[in-house]
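All remarks here apply to the structure that follows.
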Amino acid sequence: MADVPTLPFVMHGARAAIAGGMSHIEEQVKGIERAVDENPALAFDLAKTLIESACRTILTERNVAFDPSDDLPRLFKAASRNLSFLPASASAETEIRKSLAQTLNGLHTAVQGVCALRNACGFASHGADSPRPPLEKVQALLAAEAADTIVGFLHRIHWQDRTPPASTPLTYYDNPAFNEYVDEMHERVHIFEEDFEPSRILFELAPEAYRVYLTEYKLEPNPDGQAAGDANMKEAAP
């Protein structure tokens with residue numbers, strides 16, 4: 001059987017955070033993407049450092065005091081306590097809040113796992129009295145992808161929570177570039193003699209989902225590294 005080609009590992013969540021303002025983590029992200037293939041042990045060190053950087057940034061931007069010596073689990077807990085994970089419209093939903101708390105506990109467990117892997121197998125971890133077990137790319141990917149998911153999620157919540165609500169209701173024609181992007185990604189819907197654009201269907205039938213995907217689209221970097229939302233605003237400027 002022929003070998004299945006593999007694509008280079010890309011940290012999409014962390015790169016969205018870079019485009020959204022966390023430019024200082026770019027070298028860490030590039031380092032992890034290279035280390036997964038070239039030095040898996042280093043990926044464990046950098047994965048832990050990346051999450052720490054994101055948590056410290058979020059706490060600093062929210063004016064939340066923390067001890068510079070705090071370890072990663074403590075930093076993650078502090079960041080989590082100061083983020084609004086539920087929209088105001090769902091703040092009273094007990095079952096949703098309970099389910100979300102369980103999911104966040106899972107993220108906290110993932111953070112502890114990244115720390116444990118770094119301590120046991122990291123390239124730059126503390127000295128030991130015996131050789132460290134050599135792990136390979138697949139284990140490095142686990143740590144890198146966990147860090148990417150955590151950083152991307154925390155940044156999105158941080159960004160959305162700090163973005164003031166629009167002064168006027170969102171209309172379908174406010175974001176033509178995003179609508180075009182949706183229409184290119186999905187086929188038109190045909191019902192009898194009528195054609196419907198995917199972006200219009202999403203906007204009319206699932207407005208909350210439309211807003212979420214629009215936010216993610218604006219955070220995604222263009223090939224030049226600029227956030228899509230920033231580029232669109234520059235194009236619209238006279």
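Letters A, B, ... go to the chains of the structure tokens in the order shown; residues in each chain start at 1; ligands are counted from 1 in the same order.
Residues in contact with stretch 203-208 of chain A at 10 Å, where only C-alpha atoms are counted and same-chain residues fewer than 5 positions away are skipped, are listed as Leu170, Thr171, Tyr172, Asn179, Pro198, Tyr213 and Leu214 of chain A.
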Item to check | For A:Pro8: contacts at 9 Å, only C-alpha atoms, fewer than 2 positions along chain excluded, given as a list in words | outcome: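 These residues fall inside the cut-off: Thr6, Val10, Glu33, Arg34 and Asp37 of chain A.
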Could you save those same residues with N, CA and C atoms as a compact mmCIF listing (two decimals), in the first residue's frame?
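Written out: part-v4.txt:
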# COMPACT_ATOMS: atom_id res chain seq x y z
N THR A 6 1.15 13.28 4.11
CA THR A 6 0.71 14.07 5.26
C THR A 6 0.97 15.54 5.01
N VAL A 10 -0.61 22.75 11.06
CA VAL A 10 -0.88 24.18 11.19
C VAL A 10 -1.79 24.40 12.39
N GLU A 33 4.87 24.21 15.31
CA GLU A 33 4.58 23.62 14.00
C GLU A 33 5.80 22.92 13.43
N ARG A 34 6.98 23.49 13.64
CA ARG A 34 8.21 22.85 13.18
C ARG A 34 8.59 21.66 14.06
N ASP A 37 7.37 17.87 13.73
CA ASP A 37 8.06 16.99 12.77
C ASP A 37 9.55 16.82 13.12
Checklist entry - Could you pull the residues within 12 Å of A:Ala101, counting only C-alpha atoms, minus those fewer than 4 positions along the same chain, as number ranges by chain? => result A: 80-81, 84-86, 94-97, 105-108
Could you write out the selected residues, including N, CA and C atoms, as a PDB file, in the first residue's frame?
ATOM      1  N   SER A  80     -10.115  31.340  33.172  1.00  0.00           N
ATOM      2  CA  SER A  80     -11.462  30.784  33.005  1.00  0.00           C
ATOM      3  C   SER A  80     -12.485  31.506  33.880  1.00  0.00           C
ATOM      4  N   ARG A  81     -12.086  31.837  35.107  1.00  0.00           N
ATOM      5  CA  ARG A  81     -13.002  32.517  36.029  1.00  0.00           C
ATOM      6  C   ARG A  81     -13.362  33.924  35.547  1.00  0.00           C
ATOM      7  N   SER A  84     -16.514  35.219  30.138  1.00  0.00           N
ATOM      8  CA  SER A  84     -17.959  34.949  30.072  1.00  0.00           C
ATOM      9  C   SER A  84     -18.206  33.893  29.005  1.00  0.00           C
ATOM     10  N   PHE A  85     -18.311  32.661  29.423  1.00  0.00           N
ATOM     11  CA  PHE A  85     -18.459  31.572  28.459  1.00  0.00           C
ATOM     12  C   PHE A  85     -19.882  31.435  27.934  1.00  0.00           C
ATOM     13  N   LEU A  86     -20.852  31.987  28.657  1.00  0.00           N
ATOM     14  CA  LEU A  86     -22.240  31.923  28.201  1.00  0.00           C
ATOM     15  C   LEU A  86     -22.711  33.306  27.781  1.00  0.00           C
ATOM     16  N   THR A  94     -29.722  26.582  33.576  1.00  0.00           N
ATOM     17  CA  THR A  94     -28.958  25.758  34.514  1.00  0.00           C
ATOM     18  C   THR A  94     -28.299  24.569  33.836  1.00  0.00           C
ATOM     19  N   GLU A  95     -29.033  23.845  32.993  1.00  0.00           N
ATOM     20  CA  GLU A  95     -28.493  22.647  32.357  1.00  0.00           C
ATOM     21  C   GLU A  95     -27.354  23.004  31.409  1.00  0.00           C
ATOM     22  N   ILE A  96     -27.521  24.105  30.670  1.00  0.00           N
ATOM     23  CA  ILE A  96     -26.459  24.527  29.758  1.00  0.00           C
ATOM     24  C   ILE A  96     -25.214  24.893  30.547  1.00  0.00           C
ATOM     25  N   ARG A  97     -25.401  25.616  31.630  1.00  0.00           N
ATOM     26  CA  ARG A  97     -24.263  26.013  32.464  1.00  0.00           C
ATOM     27  C   ARG A  97     -23.553  24.777  33.036  1.00  0.00           C
ATOM     28  N   ASN A 105     -14.070  21.629  32.569  1.00  0.00           N
ATOM     29  CA  ASN A 105     -13.278  20.720  33.389  1.00  0.00           C
ATOM     30  C   ASN A 105     -12.417  19.819  32.509  1.00  0.00           C
ATOM     31  N   GLY A 106     -12.971  19.437  31.362  1.00  0.00           N
ATOM     32  CA  GLY A 106     -12.200  18.635  30.416  1.00  0.00           C
ATOM     33  C   GLY A 106     -11.011  19.404  29.867  1.00  0.00           C
ATOM     34  N   LEU A 107     -11.202  20.706  29.591  1.00  0.00           N
ATOM     35  CA  LEU A 107     -10.089  21.530  29.123  1.00  0.00           C
ATOM     36  C   LEU A 107      -9.018  21.665  30.210  1.00  0.00           C
ATOM     37  N   HIS A 108      -9.482  21.805  31.454  1.00  0.00           N
ATOM     38  CA  HIS A 108      -8.525  21.902  32.558  1.00  0.00           C
ATOM     39  C   HIS A 108      -7.725  20.611  32.691  1.00  0.00           C
TER      40      HIS A 108
END
Checklist entry - So how far away is atom CA of A:Met185 from atom CA of A:Met11, in Å? => result 21.2 Å
Checklist outcome for this item: Separating atom CA of A:Glu145 from atom CA of A:Asn63, to the nearest tenth of an Å, is a gap of 28.5 Å
Checklist entry - Restricting the calculation to only C-alpha atoms, which member of A:Ser99, A:Ile58, A:Ala78, A:Ala144 is positioned closest to A:Lys30? => result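 Checking each candidate against A:Lys30, we get A:Ala144 as the closest.
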Item to check | Among listed residues A:Val64, A:Leu141, A:Ile157, A:Ala110, nearest A:Leu219 (using only C-alpha atoms) | outcome: A:Ile157
Item to check | Exercise: A:Glu26 partners within 12 Å, only C-alpha atoms, chain neighbours under 3 positions left out, as a list in words | outcome: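 Residues near the query, excluding close chain neighbours: Met11, His12, Gly13, Ala14, Arg15, Ala16, Ala17, Ile18, Ala19, Gly20, Gly21, Met22, Ser23, Val29, Lys30, Gly31, Ile32, Glu33, Leu46, Leu50, Ser53, Ala54 and Gly225 of chain A.
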Next on the checklist: What's the separation between atom CA of A:Thr57 and atom CA of A:Thr149, in Å to one decimal place?
Outcome noted: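 Between atom CA of A:Thr57 and atom CA of A:Thr149 the gap is 16.6 Å.
Closest approach to A:Arg118 from the set A:Tyr217, A:Phe196, A:Phe44, A:Phe76 is made by A:Phe44, with distances taken over only C-alpha atoms.
Neighbours of A:Leu72 closer than or equal to 8 Å, with only C-alpha atoms counted and sequence neighbours fewer than 3 positions away skipped, come out as A:Lys48, A:Ile51, A:Glu52, A:Leu75, A:Phe76, A:Val111, A:Cys115.
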Item to check | DSSP-assigned strand (DSSP E) among stretch 22-211 of chain A, expressed as a list in words | outcome: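 Of stretch 22-211 of chain A, only Val189, His190, Ile191, Glu194, Asp195 and Phe196 of chain A fall in strand (DSSP E).
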Would you mind exporting the chosen residues as a CSV table (one decimal), in the first residue's frame, restricted to N, CA and C atoms?
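This is the output file out.csv:
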chain,number,residue,atom,x,y,z
A,189,VAL,N,-29.1,25.9,-3.0
A,189,VAL,CA,-30.2,25.0,-2.8
A,189,VAL,C,-31.3,25.2,-3.8
A,190,HIS,N,-31.7,24.2,-4.5
A,190,HIS,CA,-32.7,24.3,-5.5
A,190,HIS,C,-34.0,23.6,-5.0
A,191,ILE,N,-35.1,24.3,-5.0
A,191,ILE,CA,-36.4,23.8,-4.7
A,191,ILE,C,-37.4,24.2,-5.8
A,194,GLU,N,-37.0,27.5,-7.7
A,194,GLU,CA,-36.3,28.5,-6.9
A,194,GLU,C,-34.9,28.2,-6.5
A,195,ASP,N,-34.0,29.1,-6.5
A,195,ASP,CA,-32.6,29.0,-6.1
A,195,ASP,C,-32.4,29.8,-4.8
A,196,PHE,N,-31.7,29.2,-3.9
A,196,PHE,CA,-31.4,29.9,-2.6
A,196,PHE,C,-29.9,29.9,-2.3
Next on the checklist: Here is a test: counting only C-alpha atoms, which residue of A:Leu202, A:Val36, A:Leu100, A:Val212 is nearest to A:Ala143?
Outcome noted: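 Of A:Leu202, A:Val36, A:Leu100, A:Val212, the one nearest A:Ala143, counting only C-alpha atoms, is A:Val36.
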